[in-house]
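A short worksheet on the structure shown next.
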Amino acid sequence: MFGILGFNAAMGKRQKQPLTARSSNTTRENSKEIPIELLIDVFSRLSIEDVARCRCVSKPWSSILRRRDFTQLFLKISSTRPRILLTFLHKGRRHFYSIPQDLDPDHNSYSSRISAYYQMHFPKDLGSSVEVCPPILGLICCKSKKPMICNPSTGELKYISLPSAKTKRVKMRPYFGYDPIDQLFKVLCVSSDYVCRVSTLGRKEVTPTWRKVECSIPHQPLHSEICMDGILFYLAKCMGNGTPTPYMVVAFDVRLERFKFLPVELNIVGSALINYQGKLAILWQNLGGIYRHIQSFELRVLNDVDEVKWSIIIYELPDYWKNFAVETTYLYILGMTTSGEIVLSTYYVHEPFYIFYYNTVKKYVVRVQVDFGIEPLRALNCSSISTFLNHVENVELMD
């Protein structure tokens with residue numbers, strides 16, 4: 001790592017020395033430019049706020065911080081320290097906050113508090129849809145009339161707006177997906193007349209129109225979605241005849257733009273799709289919400305995609321769970337961390353706002369109260385708070 005002199009040089013600071021005839025040649029020799037690879041390594045260790053400041057230092061630095069190799073390196077490092085993203089509407093403006101996802105390993109208490117970090121907000125009526133898609137590589141897609149993709153990490157108000165996904169009589173529900181092979185983002189829209197359309201986001205342009213994709217089973221999208229390894233999964237209700245079960249998981253191959261349908265033999269209302277050790281899973285309970293009275297919930301893991309075989313795991317909640325959830329009516333299933341913790345949060349506007357971590361190995365629950373540093377949430381007059389796991393900070397600008 002750099003010493004003080006090396007760091008000052010890397011950050012554009014020079015030590016003042018008297019210029020003499022003897023030292024002039026030495027000065028010329030030492031004034032060589034720092035290798036770009038070394039600058040990229042230094043910049044990648046900065047916080048996203050410091051990266052934004054460094055963009056304003058000079059045009060050469062701004063150019064380096066826009067390079068593809070730097071943004072990819074920063075994203076790779078950021079993925080090792082995921083965050084929880086929280087967003088809500090207040091007076092027509094969409095606000096974004098975040099907190100660290102991983103719990104402090106030295107914290108032994110079952111209850112704690114944390115202050116949320118304010119990311120940004122959009123102007124009134126911009127991105128004012130009630131729902132947003134789960135973030136992918138730090139980007140967010142707002143489920144508005146014209147789906148809007150933005151990067152809440154950079155704080156910039158620039159965004160990519162797709163063509164209108166709604167006609168006078170037909171409504172469309174957008175889903176956000178990513179193809180890791182071609183490195184392309186795509187938005188899938190399922191309309192109320194069961195027609196499916198796709199739009200692609202390229203590096204420099206957006207396909208101006210929606211194109212139809214073939215879908216053999218008409219279905220009504222439900223509440224949960226997740227994109228894993230280029231496959232966009234979402235829960236749905238079958239609307240056609242001859243289907244074995246009324247509910248299913250829809251699997252959409254983002255690259256090939258093909259559908260696969262996985263029947264589910266249970267009422268999936270109130271459940272959530274999660275990533276369980278790299279496999280798709282459904283976290284389910286039978287009350288329509290995780291209430292304090294529930295004693296356990298069920299996890300169904302997809303072990304065989306071709307034959308659609310699920311294994312079942314039952315998790316028993318500890319007795320003190322009832323006391324932890326005493327102030328909550330409904331909890332939303334966020335997903336599972338890489339360390340095996342199932343994470344839940346309050347959904348409707350309550351004060352205080354809680355996030356719950358359930359450790360599936362040690363069988364204990366930790367409750368974290370989130371402070372937003374603003375007026376009480378109930379006074380914000382916002383309908384709900386959308387909370388997402390595994391959000392990573394991305395420094396790539398939307399231009």
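Chain labels A, B, ... are given in the sequence in which chains occur in the structure tokens; within each chain residues are numbered consecutively from 1, and ligands are likewise numbered from 1 in the order shown.
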Nearby residues (only C-alpha atoms) at most 8 Å from Val395 of chain A, same-chain spacing under 2 positions excluded, as a list in words: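 Close residues of Val395 of chain A: Ile48, Val51, Thr71, Phe74, Leu75, Ser153, Thr154, Glu393 and Leu397 of chain A.
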Write the selection just made, keeping C-alpha atoms, as a compact mmCIF listing (two decimals), in the first residue's frame?
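Saved to part.txt:
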```txt
# COMPACT_ATOMS: atom_id res chain seq x y z
CA ILE A 48 -18.53 5.76 -3.93
CA VAL A 51 -15.17 8.43 -6.50
CA THR A 71 -16.33 0.23 -13.25
CA PHE A 74 -15.36 -1.44 -8.48
CA LEU A 75 -18.50 -3.54 -9.01
CA SER A 153 -25.66 4.80 -6.08
CA THR A 154 -24.25 7.64 -8.19
CA GLU A 393 -22.89 -0.02 -5.42
CA LEU A 397 -22.99 6.60 -15.07
```
Do a neighbour search on Val190 of chain A at 12 Å with only C-alpha atoms, toss out local chain neighbours closer than 2 positions, and write the hits as a count of residues only. 36
Which polymer residues have any atom within 8 Å of an atom of Pro147 of chain A, counting only C-alpha atoms, with same-chain residues fewer than 2 positions away left out, as an MDAnalysis selection string? chainID A and resid 141:145 149 161:165 174
Would you return as a count of residues only the members of segment 50-229 of chain A that DSSP assigns to strand (DSSP E or B) on this structure's backbone? 73
